[in-house]
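Next comes run_17.cif, with mmCIF, C-alpha atoms and all ligand atoms.
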```cif
data_model
loop_
_atom_site.label_atom_id
_atom_site.label_comp_id
_atom_site.auth_asym_id
_atom_site.auth_seq_id
_atom_site.Cartn_x
_atom_site.Cartn_y
_atom_site.Cartn_z
CA MET A 1 168.82 44.54 73.36
CA LYS A 2 172.30 43.21 72.74
CA THR A 3 174.01 41.29 75.56
CA TYR A 4 177.80 41.16 75.47
CA ALA A 5 179.50 38.17 77.04
CA ILE A 6 182.56 39.23 79.00
CA ALA A 7 185.11 36.80 80.41
CA ALA A 8 186.56 38.29 83.60
CA ILE A 9 189.93 36.86 84.60
CA PRO A 10 191.07 38.69 87.75
CA GLY A 11 194.30 36.68 88.12
CA ASP A 12 196.55 37.48 91.06
CA GLY A 13 197.31 40.17 93.61
CA ILE A 14 195.37 43.40 93.19
CA GLY A 15 193.99 41.99 89.93
CA THR A 16 191.02 40.59 91.85
CA GLU A 17 190.27 43.96 93.45
CA VAL A 18 190.47 46.05 90.30
CA VAL A 19 188.58 43.58 88.10
CA SER A 20 185.68 43.46 90.57
CA ALA A 21 185.62 47.26 90.46
CA GLY A 22 185.80 47.17 86.66
CA VAL A 23 182.85 44.79 86.42
CA GLU A 24 180.79 47.07 88.68
CA VAL A 25 181.60 50.06 86.52
CA LEU A 26 180.76 48.23 83.28
CA ALA A 27 177.41 47.25 84.77
CA ALA A 28 176.77 50.88 85.68
CA VAL A 29 177.55 52.04 82.12
CA ALA A 30 175.22 49.41 80.67
CA ARG A 31 172.46 50.44 83.07
CA ARG A 32 172.86 54.09 82.13
CA GLU A 33 173.06 53.49 78.37
CA ALA A 34 170.17 51.02 78.44
CA SER A 35 170.97 49.86 74.89
CA PHE A 36 173.02 46.80 75.86
CA ALA A 37 173.75 44.55 78.82
CA PHE A 38 176.72 42.57 80.01
CA LYS A 39 176.83 38.95 81.03
CA VAL A 40 180.03 38.44 82.98
CA ASP A 41 181.58 35.01 83.50
CA ARG A 42 184.36 34.95 86.04
CA PHE A 43 187.33 32.57 85.78
CA ASP A 44 189.48 32.14 88.86
CA TRP A 45 192.68 31.27 87.06
CA GLY A 46 196.14 32.33 88.16
CA GLY A 47 198.60 31.66 90.97
CA GLU A 48 196.17 30.19 93.49
CA TYR A 49 194.71 27.94 90.80
CA TYR A 50 198.27 26.86 89.96
CA LYS A 51 198.94 25.90 93.57
CA LYS A 52 195.92 23.59 93.51
CA HIS A 53 196.13 22.22 89.96
CA GLY A 54 199.73 22.64 88.83
CA ARG A 55 198.76 24.90 85.95
CA MET A 56 197.62 28.50 85.63
CA MET A 57 194.43 27.71 83.74
CA PRO A 58 192.62 24.50 82.81
CA GLU A 59 193.68 22.63 79.71
CA ASN A 60 190.47 23.58 77.93
CA GLY A 61 190.66 27.14 79.36
CA ARG A 62 190.80 28.88 76.00
CA ASP A 63 187.77 26.94 74.79
CA LEU A 64 185.79 28.34 77.71
CA ILE A 65 186.44 31.96 76.64
CA ARG A 66 186.82 31.62 72.86
CA THR A 67 183.33 32.83 72.03
CA HIS A 68 183.12 35.68 74.54
CA ASP A 69 182.93 39.19 73.10
CA ALA A 70 185.87 40.40 75.18
CA ILE A 71 188.13 39.50 78.08
CA LEU A 72 188.75 41.74 81.10
CA PHE A 73 192.02 40.69 82.70
CA GLY A 74 193.56 41.72 86.03
CA SER A 75 197.15 40.59 86.34
CA ALA A 76 199.32 37.49 86.45
CA GLY A 77 202.15 37.22 88.98
CA HIS A 78 202.54 35.42 92.29
CA PRO A 79 205.32 35.75 94.90
CA GLU A 80 205.58 31.96 95.31
CA ILE A 81 205.67 31.12 91.60
CA PRO A 82 208.42 32.08 89.11
CA ASP A 83 207.32 34.98 86.89
CA HIS A 84 207.98 33.17 83.62
CA ILE A 85 205.52 30.45 84.68
CA THR A 86 202.73 32.84 85.60
CA LEU A 87 203.29 34.87 82.44
CA TRP A 88 203.52 32.02 79.95
CA GLY A 89 200.86 29.99 81.74
CA LEU A 90 198.13 32.59 81.56
CA ARG A 91 198.58 35.94 79.88
CA LEU A 92 200.73 34.82 76.97
CA ALA A 93 198.77 31.54 76.84
CA ILE A 94 195.78 33.68 75.89
CA CYS A 95 197.42 36.52 73.89
CA GLN A 96 199.43 34.34 71.55
CA PRO A 97 196.94 31.63 70.50
CA PHE A 98 194.19 34.25 70.26
CA ASP A 99 196.52 36.22 68.00
CA GLN A 100 196.10 39.48 69.91
CA TYR A 101 199.03 40.92 68.02
CA ALA A 102 198.39 44.60 68.57
CA ASN A 103 198.91 45.82 72.09
CA VAL A 104 197.68 49.38 72.37
CA ARG A 105 198.75 51.61 75.26
CA PRO A 106 197.35 55.13 75.36
CA THR A 107 199.08 57.59 77.66
CA ARG A 108 197.63 60.91 78.66
CA VAL A 109 197.89 63.16 81.69
CA LEU A 110 194.32 63.00 82.99
CA PRO A 111 192.72 66.02 84.69
CA GLY A 112 193.92 66.43 88.29
CA ILE A 113 197.01 64.28 87.75
CA THR A 114 200.50 65.78 87.93
CA SER A 115 203.21 64.65 85.55
CA PRO A 116 206.74 64.53 87.00
CA LEU A 117 207.79 66.51 83.91
CA ARG A 118 207.90 70.23 84.62
CA SER A 119 207.04 71.11 81.02
CA VAL A 120 203.89 68.99 80.98
CA ASP A 121 200.58 70.33 82.15
CA GLY A 122 198.27 67.99 80.23
CA PRO A 123 197.93 68.44 76.47
CA GLU A 124 201.69 68.26 75.89
CA LEU A 125 201.61 64.54 76.54
CA ASP A 126 199.05 62.57 74.53
CA TRP A 127 200.55 59.40 73.12
CA VAL A 128 199.51 55.95 71.98
CA ILE A 129 202.15 53.25 72.05
CA VAL A 130 201.54 50.27 69.77
CA ARG A 131 203.39 47.23 71.00
CA GLU A 132 203.98 44.24 68.72
CA ASN A 133 202.40 41.53 70.85
CA SER A 134 202.95 38.21 69.13
CA GLU A 135 206.62 37.68 68.36
CA GLY A 136 209.94 39.53 68.64
CA GLU A 137 211.69 39.13 71.96
CA TYR A 138 208.63 37.35 73.41
CA ALA A 139 208.51 34.70 70.69
CA GLY A 140 209.55 32.07 73.20
CA VAL A 141 212.29 30.80 70.91
CA GLY A 142 215.44 29.65 72.64
CA GLY A 143 216.71 27.05 75.01
CA ARG A 144 218.99 26.06 77.84
CA VAL A 145 221.51 23.27 77.85
CA HIS A 146 223.88 21.82 80.47
CA GLN A 147 221.82 23.37 83.23
CA GLY A 148 223.79 24.06 86.38
CA SER A 149 227.13 23.05 84.88
CA PRO A 150 229.86 25.57 84.09
CA LEU A 151 229.17 24.84 80.41
CA GLU A 152 225.59 25.98 80.72
CA ALA A 153 224.35 27.97 77.75
CA ALA A 154 221.06 29.75 77.21
CA THR A 155 219.50 31.72 74.36
CA ASP A 156 216.42 33.86 73.92
CA VAL A 157 216.03 34.48 70.23
CA ALA A 158 214.07 37.52 69.10
CA MET A 159 212.15 36.26 66.11
CA PHE A 160 210.54 38.60 63.60
CA THR A 161 208.51 37.57 60.58
CA ARG A 162 207.77 39.81 57.61
CA ALA A 163 204.07 39.05 58.01
CA GLY A 164 204.20 39.94 61.71
CA VAL A 165 206.04 43.20 61.13
CA GLU A 166 203.83 44.19 58.19
CA ARG A 167 200.62 43.73 60.13
CA ILE A 168 201.77 45.70 63.17
CA MET A 169 203.14 48.50 60.98
CA ARG A 170 199.88 48.69 59.06
CA PHE A 171 197.93 48.74 62.30
CA ALA A 172 200.12 51.55 63.68
CA PHE A 173 199.95 53.67 60.52
CA ARG A 174 196.18 53.24 60.46
CA LEU A 175 195.92 54.28 64.10
CA ALA A 176 198.21 57.27 63.52
CA ARG A 177 196.03 58.28 60.58
CA SER A 178 192.92 58.19 62.77
CA ARG A 179 194.41 60.70 65.22
CA PRO A 180 194.41 64.44 64.56
CA ARG A 181 198.19 64.87 64.22
CA LYS A 182 198.71 61.90 61.87
CA LEU A 183 202.18 61.41 63.27
CA LEU A 184 203.99 58.11 63.81
CA THR A 185 207.36 57.31 65.34
CA VAL A 186 208.82 53.91 64.48
CA VAL A 187 211.15 52.80 67.27
CA THR A 188 214.08 50.62 66.27
CA LYS A 189 217.57 49.46 67.20
CA SER A 190 218.87 48.73 63.74
CA ASN A 191 222.29 50.17 64.48
CA ALA A 192 223.16 47.32 66.85
CA GLN A 193 220.73 44.59 65.78
CA ARG A 194 221.57 44.24 62.16
CA HIS A 195 219.17 41.58 60.91
CA ALA A 196 215.62 41.66 62.24
CA MET A 197 215.67 45.35 63.13
CA VAL A 198 216.89 46.21 59.64
CA MET A 199 213.97 44.24 58.20
CA TRP A 200 211.69 46.07 60.67
CA ASP A 201 212.91 49.42 59.29
CA GLU A 202 212.53 48.29 55.68
CA VAL A 203 208.98 47.08 56.23
CA ALA A 204 208.16 50.39 57.94
CA SER A 205 209.27 52.37 54.87
CA GLU A 206 207.35 50.04 52.56
CA VAL A 207 204.13 50.29 54.55
CA ALA A 208 204.59 54.06 54.89
CA ARG A 209 204.05 54.35 51.12
CA GLU A 210 200.45 53.25 51.65
CA PHE A 211 199.94 56.09 54.11
CA LYS A 212 201.12 59.24 52.36
CA ASP A 213 199.07 61.41 54.69
CA VAL A 214 200.90 60.15 57.79
CA THR A 215 204.13 61.87 58.79
CA TRP A 216 206.55 59.37 60.24
CA ASP A 217 210.03 59.22 61.63
CA LYS A 218 212.39 56.59 62.94
CA MET A 219 214.06 56.68 66.33
CA LEU A 220 216.54 54.41 68.09
CA VAL A 221 215.02 53.11 71.30
CA ASP A 222 217.67 54.60 73.58
CA ALA A 223 217.25 58.02 72.04
CA MET A 224 213.49 57.58 72.27
CA THR A 225 213.65 57.49 76.09
CA MET A 226 215.37 60.88 75.99
CA ARG A 227 212.88 62.30 73.55
CA MET A 228 209.96 61.15 75.72
CA VAL A 229 211.40 63.09 78.64
CA MET A 230 212.83 66.13 76.83
CA ARG A 231 210.36 66.68 73.98
CA PRO A 232 207.10 64.93 74.87
CA GLN A 233 205.10 67.27 72.60
CA SER A 234 206.95 65.95 69.54
CA ILE A 235 205.40 62.49 69.95
CA ASP A 236 201.94 61.19 69.03
CA THR A 237 201.65 57.53 67.92
CA VAL A 238 204.57 55.16 68.48
CA VAL A 239 205.19 51.63 67.23
CA ALA A 240 207.84 49.41 68.79
CA THR A 241 208.80 45.78 69.27
CA ASN A 242 207.40 43.68 72.09
CA LEU A 243 210.27 44.34 74.51
CA HIS A 244 211.07 47.91 73.48
CA ALA A 245 207.43 48.90 73.90
CA ASP A 246 207.20 47.05 77.21
CA ILE A 247 209.96 49.27 78.57
CA LEU A 248 208.82 52.50 76.89
CA SER A 249 205.27 52.04 78.13
CA ASP A 250 206.34 51.90 81.77
CA LEU A 251 208.27 55.12 81.24
CA ALA A 252 205.24 56.61 79.52
CA ALA A 253 202.95 55.61 82.40
CA ALA A 254 205.29 57.15 84.95
CA LEU A 255 205.55 60.38 82.94
CA ALA A 256 201.77 60.55 82.84
CA GLY A 257 201.59 60.44 86.63
CA SER A 258 201.16 56.82 87.71
CA LEU A 259 201.34 53.23 86.59
CA GLY A 260 197.98 52.81 88.36
CA ILE A 261 196.20 54.72 85.60
CA ALA A 262 197.63 53.14 82.48
CA PRO A 263 195.39 50.85 80.38
CA THR A 264 196.07 48.27 77.69
CA ALA A 265 194.19 46.56 74.92
CA ASN A 266 195.49 43.30 73.47
CA LEU A 267 193.70 43.41 70.16
CA ASN A 268 192.92 40.82 67.59
CA PRO A 269 192.00 43.40 64.93
CA GLU A 270 190.49 40.80 62.58
CA ARG A 271 188.24 39.62 65.43
CA THR A 272 188.92 35.95 64.82
CA PHE A 273 189.24 35.61 68.62
CA PRO A 274 188.23 37.83 71.53
CA SER A 275 190.51 40.73 72.49
CA MET A 276 191.73 41.24 76.02
CA PHE A 277 191.77 44.41 78.12
CA GLU A 278 193.87 44.92 81.25
CA PRO A 279 195.56 47.55 83.40
CA ILE A 280 199.33 47.54 82.89
CA HIS A 281 200.27 47.77 86.58
CA GLY A 282 200.63 44.07 87.42
CA SER A 283 199.77 42.19 90.60
CA ALA A 284 201.39 44.57 93.17
CA PHE A 285 201.49 42.06 96.01
CA ASP A 286 202.79 44.69 98.42
CA ILE A 287 199.39 46.40 98.49
CA MET A 288 197.19 43.37 97.84
CA GLY A 289 194.09 43.01 100.00
CA LYS A 290 194.44 46.51 101.46
CA GLY A 291 191.70 47.99 99.33
CA ILE A 292 193.92 50.83 98.08
CA ALA A 293 194.69 49.69 94.53
CA ASN A 294 193.98 52.34 91.91
CA PRO A 295 191.13 51.00 89.73
CA ILE A 296 191.49 53.75 87.11
CA GLY A 297 193.82 51.64 84.91
CA THR A 298 191.09 48.99 84.77
CA PHE A 299 188.34 51.54 84.14
CA TRP A 300 190.30 53.07 81.28
CA SER A 301 190.85 49.52 79.93
CA ALA A 302 187.07 49.11 80.12
CA VAL A 303 186.76 52.23 77.94
CA MET A 304 188.97 50.52 75.36
CA LEU A 305 186.81 47.40 75.68
CA LEU A 306 183.67 49.44 74.94
CA GLU A 307 185.39 51.10 71.96
CA HIS A 308 186.33 47.67 70.64
CA LEU A 309 182.74 46.50 70.98
CA GLY A 310 181.83 49.52 68.88
CA ASP A 311 179.97 51.35 71.59
CA LYS A 312 181.39 54.82 71.24
CA SER A 313 178.74 56.55 73.32
CA ALA A 314 179.29 54.22 76.29
CA ALA A 315 183.06 54.54 75.94
CA ASP A 316 182.86 58.35 75.92
CA ARG A 317 180.53 58.37 78.89
CA LEU A 318 182.88 56.20 80.94
CA MET A 319 185.97 58.21 79.94
CA LYS A 320 184.26 61.45 80.95
CA ALA A 321 183.27 59.93 84.28
CA ILE A 322 186.88 58.81 84.87
CA GLU A 323 188.21 62.29 84.07
CA ARG A 324 185.69 63.92 86.39
CA VAL A 325 186.84 61.70 89.21
CA THR A 326 190.60 62.06 88.64
CA ALA A 327 190.12 65.84 88.60
CA ASP A 328 188.98 65.63 92.23
CA LYS A 329 191.96 64.99 94.51
CA ARG A 330 189.69 63.47 97.17
CA PHE A 331 189.54 60.44 94.92
CA HIS A 332 193.28 59.97 94.50
CA THR A 333 194.62 56.62 95.75
CA PRO A 334 198.04 56.40 97.50
CA ASP A 335 199.94 55.87 94.19
CA LEU A 336 198.79 59.40 93.31
CA GLY A 337 199.68 60.77 96.74
CA GLY A 338 196.11 60.60 98.08
CA THR A 339 194.31 58.50 100.67
CA ALA A 340 191.26 57.32 98.71
CA ARG A 341 190.40 53.64 98.62
CA THR A 342 189.50 51.48 95.62
CA ALA A 343 185.85 51.48 96.72
CA ASP A 344 185.74 55.30 97.00
CA VAL A 345 187.04 55.76 93.46
CA THR A 346 184.66 53.10 92.12
CA LYS A 347 181.68 54.69 93.82
CA ALA A 348 182.65 58.14 92.54
CA VAL A 349 183.00 56.89 88.96
CA ILE A 350 179.62 55.14 89.15
CA GLU A 351 178.04 58.34 90.47
CA ALA A 352 179.63 60.30 87.65
CA ILE A 353 178.26 57.77 85.13
CA ASP A 354 174.80 58.12 86.59
CA GLY A 355 175.10 61.92 86.83
CA ALA A 356 173.05 63.93 84.37
CA ASN A 357 175.99 65.44 82.50
CA ALA A 358 178.27 62.47 82.55
C1 LIG B 401 203.34 44.39 80.64
C2 LIG B 401 203.99 43.60 81.73
C3 LIG B 401 204.26 42.19 81.32
C4 LIG B 401 205.15 42.15 80.12
C5 LIG B 401 204.83 41.38 82.47
C6 LIG B 401 203.86 41.27 83.62
C7 LIG B 401 205.35 40.06 82.07
O1 LIG B 401 205.16 44.23 82.14
O2 LIG B 401 202.23 44.03 80.24
O3 LIG B 401 203.91 45.36 80.19
O4 LIG B 401 206.36 42.27 80.18
O5 LIG B 401 204.63 41.99 79.03
MG MG B 402 205.53 46.01 81.18
#
```
As structure tokens, please, write out the structure in this file.
Ligand code: IPM
Ligand code: MG
Amino acid sequence: MKTYAIAAIPGDGIGTEVVSAGVEVLAAVARREASFAFKVDRFDWGGEYYKKHGRMMPENGRDLIRTHDAILFGSAGHPEIPDHITLWGLRLAICQPFDQYANVRPTRVLPGITSPLRSVDGPELDWVIVRENSEGEYAGVGGRVHQGSPLEAATDVAMFTRAGVERIMRFAFRLARSRPRKLLTVVTKSNAQRHAMVMWDEVASEVAREFKDVTWDKMLVDAMTMRMVMRPQSIDTVVATNLHADILSDLAAALAGSLGIAPTANLNPERTFPSMFEPIHGSAFDIMGKGIANPIGTFWSAVMLLEHLGDKSAADRLMKAIERVTADKRFHTPDLGGTARTADVTKAVIEAIDGANA
């Protein structure tokens, strides 16, 4: 029997609550499938670790997780520590060196969940957003001089490489091809940003020639927000830059009913390093420790983890269990307008996994 090594990094805020729930659910899937097991190593890195050690993770942190099969991540963010420190010290400190360049964000209106869009009752909204995850606006290029003086100057340079754009375009076209509609929207801003975004567009048309069976179009990011709201049915797979997709994916999550549900995979498609799976909701300190965080975003991320490990049957079983539970309003947490607690949802999903038809 195969044993997968999982590195669990709960991080901060509700991250600890949802990752514990996610680990329980993964164990339940493994038990039910009986063809593999999980060995979970937990790493208590994040804001509290920073307060003790002056850094978000140990210097050799990446070495400790380099050979794991996958990483389950909670969130990074702490009210007493500036956001750019928590982000660059943990999440990006893993994503970038591990070359997890494809960030995949599926969005669907799950059974029992209500979209704020009147025209959407479920099937009209079924998207996957592919976010470039290694460069662009998050390249970390820039600087600050004359700090605090009236002459202070600061730059954040969005850096795009041909190799980086080619690989994300190829990934997105391939993903679009694997979905029934074979439809890709390339998001851009090449009207205003006349260098890198123009290269982005050019590379998209070049790569498109390798994928004659995929229908694709190009959309300016501002117009894309309108299209997502007004014509959600016209969208299937989307590829966008790091920052554009960051913004669009929050909108997508809200249109699908709640940020608490939305999952993410940070993929290293070549598998030279482990990939990382996380809910997109963040640390949510306002509800931390109350036991009311929605664990569904983490469970859906666990589905993506199972898919990445190649275990389709386990992934399908978990997704079905999740959908069974969201369909029942008794298991809706406060972000969905209900009163259920994290533990109630977790227990219900585990029961659905164990159930005969799940
Ligand atoms: C996301 C988040 C992060 C990001 C934050 C927490 C820095 O919003 O994963 O979308 O901007 O990448
Ligand atoms: Mg975001």
When the cut-off is 9 Å and you count all atoms listed in the file, which residues lie near ligand MG 402 (chain B), shown as a list in words?
Leu243, Ala245, Asp246, Ile247, Leu248, Ser249, Asp250, Ile280, His281 and Gly282 of chain A
Please write out the residues within 10 Å of ligand LIG 401 (chain B) as a VMD selection string, counting all atoms listed in the file.
chain A and resid 75 to 77 83 to 88 91 to 92 103 105 131 133 138 242 to 250 263 to 266 278 to 283
Residue selection dump (C-alpha atoms) as a compact mmCIF listing (two decimals), keeping the file's coordinate frame:
```txt
# COMPACT_ATOMS: atom_id res chain seq x y z
CA SER A 75 197.15 40.59 86.34
CA ALA A 76 199.32 37.49 86.45
CA GLY A 77 202.15 37.22 88.98
CA ASP A 83 207.32 34.98 86.89
CA HIS A 84 207.98 33.17 83.62
CA ILE A 85 205.52 30.45 84.68
CA THR A 86 202.73 32.84 85.60
CA LEU A 87 203.29 34.87 82.44
CA TRP A 88 203.52 32.02 79.95
CA ARG A 91 198.58 35.94 79.88
CA LEU A 92 200.73 34.82 76.97
CA ASN A 103 198.91 45.82 72.09
CA ARG A 105 198.75 51.61 75.26
CA ARG A 131 203.39 47.23 71.00
CA ASN A 133 202.40 41.53 70.85
CA TYR A 138 208.63 37.35 73.41
CA ASN A 242 207.40 43.68 72.09
CA LEU A 243 210.27 44.34 74.51
CA HIS A 244 211.07 47.91 73.48
CA ALA A 245 207.43 48.90 73.90
CA ASP A 246 207.20 47.05 77.21
CA ILE A 247 209.96 49.27 78.57
CA LEU A 248 208.82 52.50 76.89
CA SER A 249 205.27 52.04 78.13
CA ASP A 250 206.34 51.90 81.77
CA PRO A 263 195.39 50.85 80.38
CA THR A 264 196.07 48.27 77.69
CA ALA A 265 194.19 46.56 74.92
CA ASN A 266 195.49 43.30 73.47
CA GLU A 278 193.87 44.92 81.25
CA PRO A 279 195.56 47.55 83.40
CA ILE A 280 199.33 47.54 82.89
CA HIS A 281 200.27 47.77 86.58
CA GLY A 282 200.63 44.07 87.42
CA SER A 283 199.77 42.19 90.60
```
Would you compute, for all listed atoms of region 68-83 of chain A, the axis-aligned bounding box grown by 5 Å on each side, and then report its centre and edge lengths in Å rounded to one decimal, as AutoDock Vina command-line options?
```
--center_x 195.7 --center_y 36.4 --center_z 84.2 --size_x 35.5 --size_y 20.6 --size_z 32.2
```
Radius query 9 Å about (185.3, 31.7, 64.3), atoms used: all atoms listed in the file, as a list in words
Arg66, Thr67, Arg271, Thr272 and Phe273 of chain A
Distance query Asp126 (chain A) at most 8 Å, only C-alpha atoms, self and fewer than 5 positions along chain excluded, as a ChimeraX atom specification
/A:106-109,233,235-236
Rank nothing, just name the residue among A:Leu184, A:Gly74, A:Phe160, A:Phe211 nearest to Thr16 (chain A), using all atoms listed in the file.
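Closest to Thr16 (chain A) of all the choices is A:Gly74.
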Provide the CA of Ile129 (chain A) to CA of Pro79 (chain A) distance in Å, to one decimal place.
29.0 Å
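Rounded to one decimal, CA of Asp69 (chain A) and CA of Asn294 (chain A) lie 25.5 Å from each other.
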Residue with smallest distance to Ala208 (chain A) - pool A:Val157, A:Ala172, A:Ile81, A:Ala348, counting only C-alpha atoms:
A:Ala172
Of the listed residues A:Ala93, A:Val303, A:Ala30, A:Leu267, that which approaches Asn60 (chain A) most closely, counting all atoms listed in the file
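Closest to Asn60 (chain A) of all the choices is A:Ala93.
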Met57 (chain A): which residues within 7 Å, counting all atoms listed in the file, same-chain residues fewer than 6 positions away excluded, as a count of residues only?
3
Distance in Å - CA of Arg162 (chain A) versus CA of Glu202 (chain A)
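Interatomic distance, CA of Arg162 (chain A) to CA of Glu202 (chain A): 9.9 Å.
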Contact residues around Val229 (chain A) with all atoms listed in the file at 10 Å, ignoring same-chain residues under 2 positions, as a ChimeraX atom specification
/A:116-120,224-227,231-233,251-252,255
Rank A:Leu175, A:Met230, A:Leu318, A:Ala240 by their smallest atom-to-atom distance to Glu137 (chain A), using only C-alpha atoms, and report the top residue only.
A:Ala240
Compile the contact shell of Pro10 (chain A) as a PyMOL selection string: residues with an atom at most 8 Å away, counting all atoms listed in the file, same-chain residues fewer than 3 positions apart removed.
chain A and resi 15-20+42-45+72-75
Pick from A:Gly89, A:Ile168, A:Asp201, A:Ser35 nearest to Tyr50 (chain A), counting all atoms listed in the file
A:Gly89
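For Ala37 (chain A), the set of protein, DNA and RNA residues having any atom at most 9 Å away, when counting only C-alpha atoms and skipping those fewer than 2 positions along the same chain, is Met1, Lys2, Thr3, Tyr4, Ala5, Ala27, Ala30, Arg31, Glu33, Ala34, Ser35 and Lys39 of chain A.
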Calculated over all atoms listed in the file, which of the candidates A:Phe285, A:Ile261, A:Asp311, A:Ala343 has the smallest distance to Glu80 (chain A)?
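Ranked by minimum distance to Glu80 (chain A), first place goes to A:Phe285.
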Polymer residues at most 10 Å from (210.2, 44.8, 57.3) by only C-alpha atoms, as number ranges by chain
A: 160-166, 169, 196-207
